[in-house]
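Engineer: Data file my_file.pdb (PDB, C-alpha atoms and all ligand atoms) is appended below.
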```pdb
ATOM      1  CA  MET S   1       0.000   0.000   0.000
ATOM      2  CA  ASN S   2       1.040   3.608   0.331
ATOM      3  CA  PHE S   3       2.125   4.201   3.925
ATOM      4  CA  PRO S   4       4.364   7.297   4.255
ATOM      5  CA  GLU S   5       8.136   6.852   4.551
ATOM      6  CA  HIS S   6       8.203   8.980   7.742
ATOM      7  CA  LEU S   7       5.675   9.415  10.561
ATOM      8  CA  ILE S   8       5.890  13.114  11.366
ATOM      9  CA  GLY S   9       2.277  13.867  12.287
ATOM     10  CA  LEU S  10      -1.279  12.610  11.892
ATOM     11  CA  ARG S  11      -2.123  15.711   9.829
ATOM     12  CA  TYR S  12      -0.246  14.012   6.954
ATOM     13  CA  LEU S  13      -2.084  10.639   7.042
ATOM     14  CA  SER S  14      -4.989   9.653   4.807
ATOM     15  CA  LYS S  15      -8.030   7.645   5.856
ATOM     16  CA  ASP S  16      -6.513   4.646   4.045
ATOM     17  CA  ASN S  17      -3.270   5.026   6.031
ATOM     18  CA  PHE S  18      -5.268   4.814   9.276
ATOM     19  CA  GLU S  19      -7.168   1.732   8.098
ATOM     20  CA  GLU S  20      -3.940   0.062   7.017
ATOM     21  CA  ILE S  21      -2.180   0.528  10.329
ATOM     22  CA  PHE S  22      -5.269  -0.361  12.396
ATOM     23  CA  ASP S  23      -5.786  -3.617  10.482
ATOM     24  CA  LEU S  24      -2.182  -4.635  11.091
ATOM     25  CA  THR S  25      -2.456  -3.576  14.755
ATOM     26  CA  ASP S  26      -5.389  -6.005  15.080
ATOM     27  CA  TYR S  27      -3.109  -8.745  13.743
ATOM     28  CA  TYR S  28      -0.250  -8.061  16.177
ATOM     29  CA  LEU S  29      -2.540  -7.602  19.169
ATOM     30  CA  ASP S  30      -3.357 -11.290  19.108
ATOM     31  CA  PHE S  31       0.383 -12.164  19.205
ATOM     32  CA  ILE S  32       0.919  -9.828  22.175
ATOM     33  CA  LYS S  33      -2.098 -10.945  24.190
ATOM     34  CA  GLU S  34      -1.401 -14.639  23.548
ATOM     35  CA  LYS S  35       2.383 -14.148  24.012
ATOM     36  CA  LYS S  36       2.984 -15.805  20.641
ATOM     37  CA  PRO S  37       6.470 -15.544  19.070
ATOM     38  CA  PHE S  38       6.963 -12.915  16.364
ATOM     39  CA  LYS S  39       8.555 -13.350  12.941
ATOM     40  CA  LYS S  40      11.620 -11.070  13.027
ATOM     41  CA  LEU S  41      10.646  -9.271   9.823
ATOM     42  CA  LEU S  42      13.086  -6.398  10.393
ATOM     43  CA  ALA S  43      16.139  -8.477  11.322
ATOM     44  CA  GLY S  44      19.389  -6.827  10.258
ATOM     45  CA  ARG S  45      17.971  -3.291  10.368
ATOM     46  CA  SER S  46      18.781  -0.733  13.019
ATOM     47  CA  VAL S  47      16.894   1.863  15.041
ATOM     48  CA  LEU S  48      18.020   4.719  17.272
ATOM     49  CA  ASN S  49      15.688   5.793  20.081
ATOM     50  CA  LEU S  50      16.643   9.467  20.345
ATOM     51  CA  PHE S  51      14.857  10.774  23.431
ATOM     52  CA  PHE S  52      15.592  14.294  24.707
ATOM     53  CA  GLU S  53      12.600  14.260  27.073
ATOM     54  CA  ASP S  54      11.499  11.789  29.732
ATOM     55  CA  SER S  55       9.250   8.897  28.791
ATOM     56  CA  THR S  56       7.932   5.670  30.268
ATOM     57  CA  ARG S  57       5.239   4.250  27.953
ATOM     58  CA  THR S  58       6.470   5.512  24.607
ATOM     59  CA  ARG S  59      10.113   4.550  25.032
ATOM     60  CA  ILE S  60       9.485   1.130  26.595
ATOM     61  CA  SER S  61       6.835   0.182  24.040
ATOM     62  CA  PHE S  62       9.024   1.310  21.139
ATOM     63  CA  GLU S  63      11.967  -0.682  22.447
ATOM     64  CA  LEU S  64       9.860  -3.788  22.989
ATOM     65  CA  ALA S  65       8.225  -3.484  19.550
ATOM     66  CA  GLU S  66      11.680  -3.068  18.004
ATOM     67  CA  LYS S  67      13.003  -6.186  19.728
ATOM     68  CA  LYS S  68       9.932  -8.224  18.814
ATOM     69  CA  SER S  69      10.422  -7.111  15.178
ATOM     70  CA  GLY S  70      14.098  -8.135  15.157
ATOM     71  CA  LEU S  71      15.542  -4.600  14.901
ATOM     72  CA  ASP S  72      18.997  -3.769  16.324
ATOM     73  CA  THR S  73      18.064  -1.166  18.928
ATOM     74  CA  VAL S  74      20.284   1.617  20.269
ATOM     75  CA  ASN S  75      19.102   3.998  23.001
ATOM     76  CA  PHE S  76      20.456   7.546  23.158
ATOM     77  CA  ASN S  77      20.432   9.239  26.541
ATOM     78  CA  SER S  78      20.891  12.994  26.159
ATOM     79  CA  GLY S  79      21.875  13.282  29.845
ATOM     80  CA  SER S  80      25.004  11.165  29.327
ATOM     81  CA  SER S  81      25.824  12.263  25.756
ATOM     82  CA  SER S  82      28.554  14.572  24.395
ATOM     83  CA  LEU S  83      25.968  17.360  24.235
ATOM     84  CA  ASN S  84      27.138  17.867  27.824
ATOM     85  CA  LYS S  85      30.680  18.542  26.516
ATOM     86  CA  GLY S  86      29.428  21.318  24.248
ATOM     87  CA  GLU S  87      28.755  19.370  21.043
ATOM     88  CA  SER S  88      25.997  21.037  19.018
ATOM     89  CA  PHE S  89      22.691  19.408  18.155
ATOM     90  CA  LEU S  90      23.581  19.603  14.447
ATOM     91  CA  ASP S  91      26.930  17.836  14.990
ATOM     92  CA  THR S  92      25.145  15.220  17.083
ATOM     93  CA  VAL S  93      22.755  14.654  14.172
ATOM     94  CA  LYS S  94      25.659  14.477  11.659
ATOM     95  CA  ASN S  95      27.301  11.760  13.758
ATOM     96  CA  ILE S  96      24.044   9.859  13.970
ATOM     97  CA  GLU S  97      23.681  10.115  10.188
ATOM     98  CA  ALA S  98      27.227   8.750   9.760
ATOM     99  CA  MET S  99      26.115   5.547  11.507
ATOM    100  CA  LYS S 100      23.348   4.953   8.936
ATOM    101  CA  PHE S 101      20.425   3.948  11.126
ATOM    102  CA  ASP S 102      17.411   2.660   9.214
ATOM    103  CA  PHE S 103      15.002   4.309  11.685
ATOM    104  CA  ILE S 104      15.177   7.137  14.196
ATOM    105  CA  VAL S 105      12.465   7.420  16.850
ATOM    106  CA  VAL S 106      12.721  10.946  18.236
ATOM    107  CA  ARG S 107      11.233  12.867  21.150
ATOM    108  CA  HIS S 108      12.229  16.483  21.698
ATOM    109  CA  SER S 109      10.792  19.555  23.405
ATOM    110  CA  VAL S 110      11.185  21.666  20.233
ATOM    111  CA  PRO S 111       8.377  21.410  17.670
ATOM    112  CA  GLY S 112       9.740  20.548  14.220
ATOM    113  CA  ILE S 113      12.779  18.483  15.285
ATOM    114  CA  PRO S 114      11.432  15.353  13.500
ATOM    115  CA  LEU S 115      11.192  17.390  10.271
ATOM    116  CA  PHE S 116      14.743  18.669  10.857
ATOM    117  CA  LEU S 117      15.992  15.073  11.180
ATOM    118  CA  LYS S 118      14.126  14.112   8.029
ATOM    119  CA  GLU S 119      16.022  16.849   6.170
ATOM    120  CA  HIS S 120      19.446  16.045   7.682
ATOM    121  CA  THR S 121      19.516  12.228   7.748
ATOM    122  CA  SER S 122      18.696   9.363   5.406
ATOM    123  CA  SER S 123      16.814   7.462   8.169
ATOM    124  CA  LYS S 124      13.080   6.929   8.363
ATOM    125  CA  ILE S 125      11.834   9.253  11.101
ATOM    126  CA  ILE S 126       9.153   8.430  13.660
ATOM    127  CA  ASN S 127       8.000  11.334  15.802
ATOM    128  CA  ALA S 128       7.583  10.214  19.429
ATOM    129  CA  GLY S 129       6.459  13.710  20.492
ATOM    130  CA  ASP S 130       7.797  17.137  19.455
ATOM    131  CA  GLY S 131       7.051  19.871  21.968
ATOM    132  CA  ILE S 132       3.460  21.058  21.778
ATOM    133  CA  ASN S 133       3.127  20.012  18.138
ATOM    134  CA  GLU S 134       2.225  16.325  17.629
ATOM    135  CA  HIS S 135       2.530  12.894  19.243
ATOM    136  CA  PRO S 136       1.362  10.763  16.322
ATOM    137  CA  THR S 137       1.857   7.293  17.807
ATOM    138  CA  GLN S 138      -0.145   8.353  20.883
ATOM    139  CA  GLY S 139      -2.885   9.717  18.640
ATOM    140  CA  LEU S 140      -2.893   6.481  16.634
ATOM    141  CA  LEU S 141      -3.154   4.263  19.682
ATOM    142  CA  ASP S 142      -5.892   6.435  21.203
ATOM    143  CA  ILE S 143      -7.951   6.310  18.027
ATOM    144  CA  TYR S 144      -7.277   2.600  17.584
ATOM    145  CA  THR S 145      -8.521   2.004  21.150
ATOM    146  CA  LEU S 146     -11.730   3.919  20.411
ATOM    147  CA  ARG S 147     -12.221   1.992  17.165
ATOM    148  CA  LYS S 148     -11.725  -1.341  18.933
ATOM    149  CA  THR S 149     -14.162  -0.371  21.696
ATOM    150  CA  PHE S 150     -16.904   1.221  19.572
ATOM    151  CA  GLY S 151     -16.361  -0.639  16.251
ATOM    152  CA  ASP S 152     -15.878   2.602  14.286
ATOM    153  CA  VAL S 153     -14.977   6.190  15.120
ATOM    154  CA  LYS S 154     -17.105   7.754  12.375
ATOM    155  CA  ASP S 155     -19.758   9.954  14.041
ATOM    156  CA  LEU S 156     -18.385   9.074  17.505
ATOM    157  CA  ASN S 157     -18.480  12.010  19.952
ATOM    158  CA  VAL S 158     -15.044  12.409  21.506
ATOM    159  CA  CYS S 159     -14.029  15.204  23.872
ATOM    160  CA  ILE S 160     -10.411  15.982  24.775
ATOM    161  CA  VAL S 161     -10.316  17.430  28.283
ATOM    162  CA  GLY S 162      -7.799  19.593  30.111
ATOM    163  CA  ASP S 163      -4.622  21.357  29.063
ATOM    164  CA  ILE S 164      -5.215  21.535  25.316
ATOM    165  CA  SER S 165      -2.869  24.504  24.773
ATOM    166  CA  HIS S 166       0.312  22.676  25.821
ATOM    167  CA  SER S 167      -0.626  19.228  24.515
ATOM    168  CA  ARG S 168       0.810  17.451  21.484
ATOM    169  CA  VAL S 169      -1.611  14.578  22.137
ATOM    170  CA  ALA S 170      -4.576  16.903  21.590
ATOM    171  CA  LEU S 171      -3.492  18.008  18.120
ATOM    172  CA  SER S 172      -2.693  14.473  16.923
ATOM    173  CA  ASN S 173      -6.078  13.251  18.187
ATOM    174  CA  ILE S 174      -7.893  16.146  16.546
ATOM    175  CA  PHE S 175      -6.219  15.628  13.148
ATOM    176  CA  GLY S 176      -6.713  11.855  13.215
ATOM    177  CA  LEU S 177     -10.268  11.785  14.547
ATOM    178  CA  LYS S 178     -11.402  14.489  12.115
ATOM    179  CA  THR S 179      -9.914  12.564   9.166
ATOM    180  CA  LEU S 180     -11.933   9.534  10.256
ATOM    181  CA  GLY S 181     -15.207  11.441  10.635
ATOM    182  CA  ALA S 182     -15.558  11.691  14.430
ATOM    183  CA  ASN S 183     -17.238  14.651  16.137
ATOM    184  CA  VAL S 184     -14.373  16.144  18.131
ATOM    185  CA  SER S 185     -14.597  18.619  20.986
ATOM    186  CA  VAL S 186     -12.313  20.031  23.660
ATOM    187  CA  CYS S 187     -13.093  21.047  27.230
ATOM    188  CA  GLY S 188     -11.121  23.070  29.741
ATOM    189  CA  PRO S 189     -10.688  26.471  31.333
ATOM    190  CA  VAL S 190     -10.356  29.421  28.929
ATOM    191  CA  SER S 191      -6.631  29.642  29.680
ATOM    192  CA  PHE S 192      -6.096  26.062  28.419
ATOM    193  CA  ILE S 193      -8.095  26.364  25.176
ATOM    194  CA  PRO S 194      -6.069  27.693  22.205
ATOM    195  CA  ARG S 195      -7.558  30.681  20.430
ATOM    196  CA  ASN S 196      -9.127  29.758  17.073
ATOM    197  CA  ILE S 197      -9.283  26.033  17.931
ATOM    198  CA  GLU S 198     -12.763  26.029  16.339
ATOM    199  CA  GLY S 199     -10.908  26.591  13.050
ATOM    200  CA  LEU S 200      -9.848  22.920  13.265
ATOM    201  CA  GLY S 201     -13.516  21.931  13.264
ATOM    202  CA  VAL S 202     -13.830  21.206  16.983
ATOM    203  CA  LYS S 203     -16.505  22.294  19.424
ATOM    204  CA  VAL S 204     -15.458  23.909  22.718
ATOM    205  CA  TYR S 205     -16.991  23.119  26.129
ATOM    206  CA  TYR S 206     -16.171  25.127  29.220
ATOM    207  CA  ASP S 207     -18.508  23.068  31.451
ATOM    208  CA  ILE S 208     -17.238  19.535  32.061
ATOM    209  CA  ASN S 209     -20.730  18.310  32.955
ATOM    210  CA  ASP S 210     -21.983  19.149  29.458
ATOM    211  CA  ALA S 211     -18.966  17.369  27.990
ATOM    212  CA  VAL S 212     -19.657  14.247  30.073
ATOM    213  CA  ARG S 213     -23.335  14.164  29.130
ATOM    214  CA  GLU S 214     -22.863  14.756  25.390
ATOM    215  CA  ASN S 215     -19.908  12.508  24.527
ATOM    216  CA  ASP S 216     -19.168   8.805  24.056
ATOM    217  CA  ALA S 217     -15.583   9.129  25.260
ATOM    218  CA  LEU S 218     -13.342  11.577  27.079
ATOM    219  CA  ASN S 219      -9.594  11.700  26.506
ATOM    220  CA  ILE S 220      -8.177  13.275  29.678
ATOM    221  CA  LEU S 221      -4.934  15.227  29.428
ATOM    222  CA  ARG S 222      -2.345  16.018  32.068
ATOM    223  CA  VAL S 223      -1.535  19.631  32.876
ATOM    224  CA  GLN S 224       1.901  20.011  31.249
ATOM    225  CA  MET S 225       3.844  21.609  34.101
ATOM    226  CA  GLU S 226       7.149  21.142  32.217
ATOM    227  CA  ARG S 227       5.787  23.507  29.535
ATOM    228  CA  ASN S 228       4.957  26.197  32.094
ATOM    229  CA  ALA S 229       1.254  25.351  32.049
ATOM    230  CA  GLY S 230       1.021  25.936  35.798
ATOM    231  CA  SER S 231       1.169  29.685  35.213
ATOM    232  CA  ASN S 232      -2.200  29.402  33.417
ATOM    233  CA  MET S 233      -3.862  27.816  36.434
ATOM    234  CA  THR S 234      -4.799  29.200  39.827
ATOM    235  CA  SER S 235      -4.202  25.892  41.636
ATOM    236  CA  GLN S 236      -4.279  22.146  41.020
ATOM    237  CA  LYS S 237      -7.030  21.877  43.640
ATOM    238  CA  GLU S 238      -9.218  24.353  41.802
ATOM    239  CA  PHE S 239      -8.532  22.681  38.434
ATOM    240  CA  ASN S 240      -9.520  19.355  39.997
ATOM    241  CA  ARG S 241     -12.734  20.804  41.418
ATOM    242  CA  PHE S 242     -13.973  22.097  38.067
ATOM    243  CA  TYR S 243     -12.371  19.764  35.500
ATOM    244  CA  GLY S 244     -11.034  16.725  37.390
ATOM    245  CA  ILE S 245     -12.756  13.532  36.266
ATOM    246  CA  ASN S 246     -14.201  11.433  39.064
ATOM    247  CA  LEU S 247     -16.952   8.848  39.526
ATOM    248  CA  ASN S 248     -19.395  11.520  40.632
ATOM    249  CA  LYS S 249     -19.008  13.465  37.381
ATOM    250  CA  ILE S 250     -19.124  10.441  35.068
ATOM    251  CA  LYS S 251     -22.246   8.979  36.672
ATOM    252  CA  GLN S 252     -24.128  11.488  34.492
ATOM    253  CA  ASN S 253     -23.269   9.205  31.536
ATOM    254  CA  LYS S 254     -22.769   5.664  32.804
ATOM    255  CA  LYS S 255     -21.551   4.287  29.444
ATOM    256  CA  ILE S 256     -18.892   6.913  28.836
ATOM    257  CA  LYS S 257     -15.365   5.631  28.143
ATOM    258  CA  ILE S 258     -12.327   7.292  29.679
ATOM    259  CA  LEU S 259      -8.921   7.501  28.033
ATOM    260  CA  HIS S 260      -5.713   9.064  29.320
ATOM    261  CA  PRO S 261      -2.380   8.988  27.466
ATOM    262  CA  GLY S 262      -0.416   8.987  30.739
ATOM    263  CA  PRO S 263       1.370   9.846  32.864
ATOM    264  CA  MET S 264      -1.609  10.553  35.110
ATOM    265  CA  ASN S 265      -1.541  13.143  37.872
ATOM    266  CA  ILE S 266      -3.962  11.468  40.236
ATOM    267  CA  ASN S 267      -6.405  13.856  41.942
ATOM    268  CA  VAL S 268      -5.559  16.627  39.484
ATOM    269  CA  GLU S 269      -7.124  15.716  36.111
ATOM    270  CA  ILE S 270      -8.455  12.279  37.166
ATOM    271  CA  ASP S 271      -8.897  10.254  40.337
ATOM    272  CA  ALA S 272      -7.653   6.706  40.938
ATOM    273  CA  GLU S 273     -11.167   5.214  41.156
ATOM    274  CA  THR S 274     -12.113   6.450  37.704
ATOM    275  CA  ALA S 275      -8.787   5.311  36.223
ATOM    276  CA  ALA S 276      -9.466   1.814  37.624
ATOM    277  CA  SER S 277     -13.190   1.758  36.789
ATOM    278  CA  GLU S 278     -14.899  -0.276  34.087
ATOM    279  CA  ASN S 279     -15.291   2.952  32.108
ATOM    280  CA  SER S 280     -11.525   3.230  31.804
ATOM    281  CA  LEU S 281      -9.581   2.174  28.701
ATOM    282  CA  ILE S 282      -6.285   3.498  30.046
ATOM    283  CA  PHE S 283      -4.322   0.238  30.251
ATOM    284  CA  ASP S 284      -5.884  -1.095  27.035
ATOM    285  CA  GLN S 285      -4.326   1.973  25.421
ATOM    286  CA  VAL S 286      -0.878   0.825  26.552
ATOM    287  CA  THR S 287      -1.269  -2.752  25.247
ATOM    288  CA  ASN S 288      -2.698  -1.441  21.982
ATOM    289  CA  GLY S 289       0.206   1.009  21.725
ATOM    290  CA  LEU S 290       2.722  -1.823  21.731
ATOM    291  CA  SER S 291       0.848  -3.654  18.999
ATOM    292  CA  LEU S 292       0.511  -0.458  16.979
ATOM    293  CA  LYS S 293       4.277   0.135  17.066
ATOM    294  CA  CYS S 294       4.892  -3.411  15.787
ATOM    295  CA  ALA S 295       2.486  -2.636  12.929
ATOM    296  CA  LEU S 296       4.188   0.691  12.247
ATOM    297  CA  PHE S 297       7.683  -0.782  11.797
ATOM    298  CA  ASN S 298       6.261  -3.463   9.536
ATOM    299  CA  LEU S 299       4.492  -0.890   7.346
ATOM    300  CA  MET S 300       7.496   1.462   7.186
ATOM    301  CA  LYS S 301      10.164  -1.199   6.517
TER
HETATM  302  N1  LIG R 401       1.877   9.012  26.691
HETATM  303  C1  LIG R 401       3.198   9.212  26.766
HETATM  304  O1  LIG R 401       3.819   9.750  25.835
HETATM  305  O2  LIG R 401       3.771   8.743  27.906
HETATM  306  P1  LIG R 401       5.323   8.801  28.202
HETATM  307  O3  LIG R 401       5.714  10.266  28.296
HETATM  308  O4  LIG R 401       5.534   8.062  29.482
HETATM  309  O5  LIG R 401       6.044   8.150  27.050
END
```
Take the structure I supplied and represent it as structure tokens, if you would.
Ligand code: CP

Structural biologist:
Amino acid sequence: MNFPEHLIGLRYLSKDNFEEIFDLTDYYLDFIKEKKPFKKLLAGRSVLNLFFEDSTRTRISFELAEKKSGLDTVNFNSGSSSLNKGESFLDTVKNIEAMKFDFIVVRHSVPGIPLFLKEHTSSKIINAGDGINEHPTQGLLDIYTLRKTFGDVKDLNVCIVGDISHSRVALSNIFGLKTLGANVSVCGPVSFIPRNIEGLGVKVYYDINDAVRENDALNILRVQMERNAGSNMTSQKEFNRFYGINLNKIKQNKKIKILHPGPMNINVEIDAETAASENSLIFDQVTNGLSLKCALFNLMK
């Protein structure tokens, strides 16, 4: 088929691209759940996990998917690299290019770094989160999880709740869900809703109770303190009171499904009971994310 050479953002994927990766994710999910051995379809190829920001889920699931696929995996740790001796980012990239990796999985706080790597290396680039821009594999696994739960995302009502302004997950979900025909909305305090977000075709809620009542699923986002989001908020306690998801709020819509990309800040945007409730898809998202990354390497090989 016609899957792109690089995964930079969900804004660049077609409906067919989504279907292709979701179908293959279905296939790999069975292998993961049943702990069946994988065919090492990418044996002999190499991948660099180039993470300049912290990660638990994304980095572990990429590394495991790489190993299951037979890739030779190298992990870069910026904290113990020669960047600390004054080497520039560009020289770091030139050295990486000299080693001829087949794939680079990159996470960086600066939007556009995956595009920069695409221009300066011959590797296939997978964006694992660039600043407040996109987090395409998270968006893919979120949408896949909704599709698996509801059968289809077309006409599904999905609301993304919380710190939309500083979130790369929000944009990837919006681009992907809109391409697939979902009704997408966002909900949060005025200070966390980007101006002109309606221009992307999304509805805005300021009252979480309306969002709970009118949607099939909520994707709950963390307040991104590392991106200075705290300055847009009076206090975590107040945010929790108005926008924190708990069993009391979701009882207004007993069938609603709850997603969260993680990491969760318990008792800020969500409480532990809701995260562990039967409404929650949070740990399904993680399993699905592993399967999706196996599918991604297979499609991009
Ligand atoms: N969802 C997500 O990107 O989590 P990590 O930061 O732990 O990878």

Engineer: Edge lengths and centre in Å to one decimal, as lines of an AutoDock Vina configuration file, of the axis-aligned box that encloses all listed atoms of ligand LIG 401 (chain R) with 4 Å added on every side?

Structural biologist:
```
center_x = 4.0
center_y = 9.2
center_z = 27.7
size_x = 12.2
size_y = 10.2
size_z = 11.6
```

Engineer: Can you spell out as a ChimeraX atom specification the set of residues that the PyMOL selection byres (((chain S and resi 100) around 10) and not hetatm) selects in the structure I just provided?

Structural biologist: /S:45-48,95-99,101-104,121-123

Engineer: Hey, can you pull every residue with an atom no more than 12 Å from (9.2, 18.3, 11.4), using only C-alpha atoms, and send it as number ranges by chain?

Structural biologist: S: 6-12, 106-108, 110-120, 125-131, 133-136

Engineer: Measuring atom to atom with all atoms listed in the file, identify which of S:Asp163, S:Glu269, S:Asn183, S:Leu218 is nearest to Gly230 (chain S).

Structural biologist: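 Looking at the shortest contact to Gly230 (chain S), the residue is S:Asp163.
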
Engineer: Tell me, in Å to one decimal, how far CA of Phe192 (chain S) is from CA of Gly162 (chain S).

Structural biologist: 6.9 Å

Engineer: At a cut-off of 9 Å and counting only C-alpha atoms and all ligand atoms, what residues surround ligand LIG 401 (chain R)? Please answer as a count of residues only.

Structural biologist: 20

Engineer: Any chance you could resolve the PyMOL selection byres (((chain S and resi 204) around 9) and not hetatm) against this file and give the residues as a VMD selection string?

Structural biologist: chain S and resid 159 185 to 188 193 197 to 198 202 to 203 205 to 206

Engineer: Residues of the last selection are to be written out with C-alpha atoms, as an mmCIF file, in the frame of the given file.

Structural biologist:
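Just written: again_7.cif:
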```
data_model
loop_
_atom_site.group_PDB
_atom_site.id
_atom_site.type_symbol
_atom_site.label_atom_id
_atom_site.label_comp_id
_atom_site.auth_asym_id
_atom_site.auth_seq_id
_atom_site.Cartn_x
_atom_site.Cartn_y
_atom_site.Cartn_z
ATOM 1 C CA CYS S 159 -14.029 15.204 23.872
ATOM 2 C CA SER S 185 -14.597 18.619 20.986
ATOM 3 C CA VAL S 186 -12.313 20.031 23.660
ATOM 4 C CA CYS S 187 -13.093 21.047 27.230
ATOM 5 C CA GLY S 188 -11.121 23.070 29.741
ATOM 6 C CA ILE S 193 -8.095 26.364 25.176
ATOM 7 C CA ILE S 197 -9.283 26.033 17.931
ATOM 8 C CA GLU S 198 -12.763 26.029 16.339
ATOM 9 C CA VAL S 202 -13.830 21.206 16.983
ATOM 10 C CA LYS S 203 -16.505 22.294 19.424
ATOM 11 C CA TYR S 205 -16.991 23.119 26.129
ATOM 12 C CA TYR S 206 -16.171 25.127 29.220
#
```

Engineer: Would you list the contacts of Lys33 (chain S) as a list in words, taking every protein, DNA or RNA residue within 10 Å and counting all atoms listed in the file, but skipping same-chain residues closer than 4 positions in sequence?

Structural biologist: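 Counting only the stated atoms, we get Tyr28, Leu29, Thr287, Asn288 and Ser291 of chain S.
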
Engineer: From the list S:Ile266, S:Ala182, S:Leu83, S:Ala295, which residue is nearest Leu141 (chain S) when using all atoms listed in the file?

Structural biologist: S:Ala295

Engineer: Could you state which residues are captured by the PyMOL selection byres (((chain S and resi 212) around 12) and not hetatm) in this file, as a ChimeraX atom specification?

Structural biologist: /S:157-161,185-187,205-211,213-220,243-258

Engineer: How many Å lie between CA of Asp284 (chain S) and CA of Leu140 (chain S), rounded to one decimal?

Structural biologist: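 Pair CA of Asp284 (chain S) / CA of Leu140 (chain S) returns 13.2 Å.
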
Engineer: Expressed in Å to a single decimal, how great is the separation between CA of Asn196 (chain S) and CA of Ile132 (chain S)?

Structural biologist: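 Rounded to one decimal, the two atoms are 16.0 Å apart.
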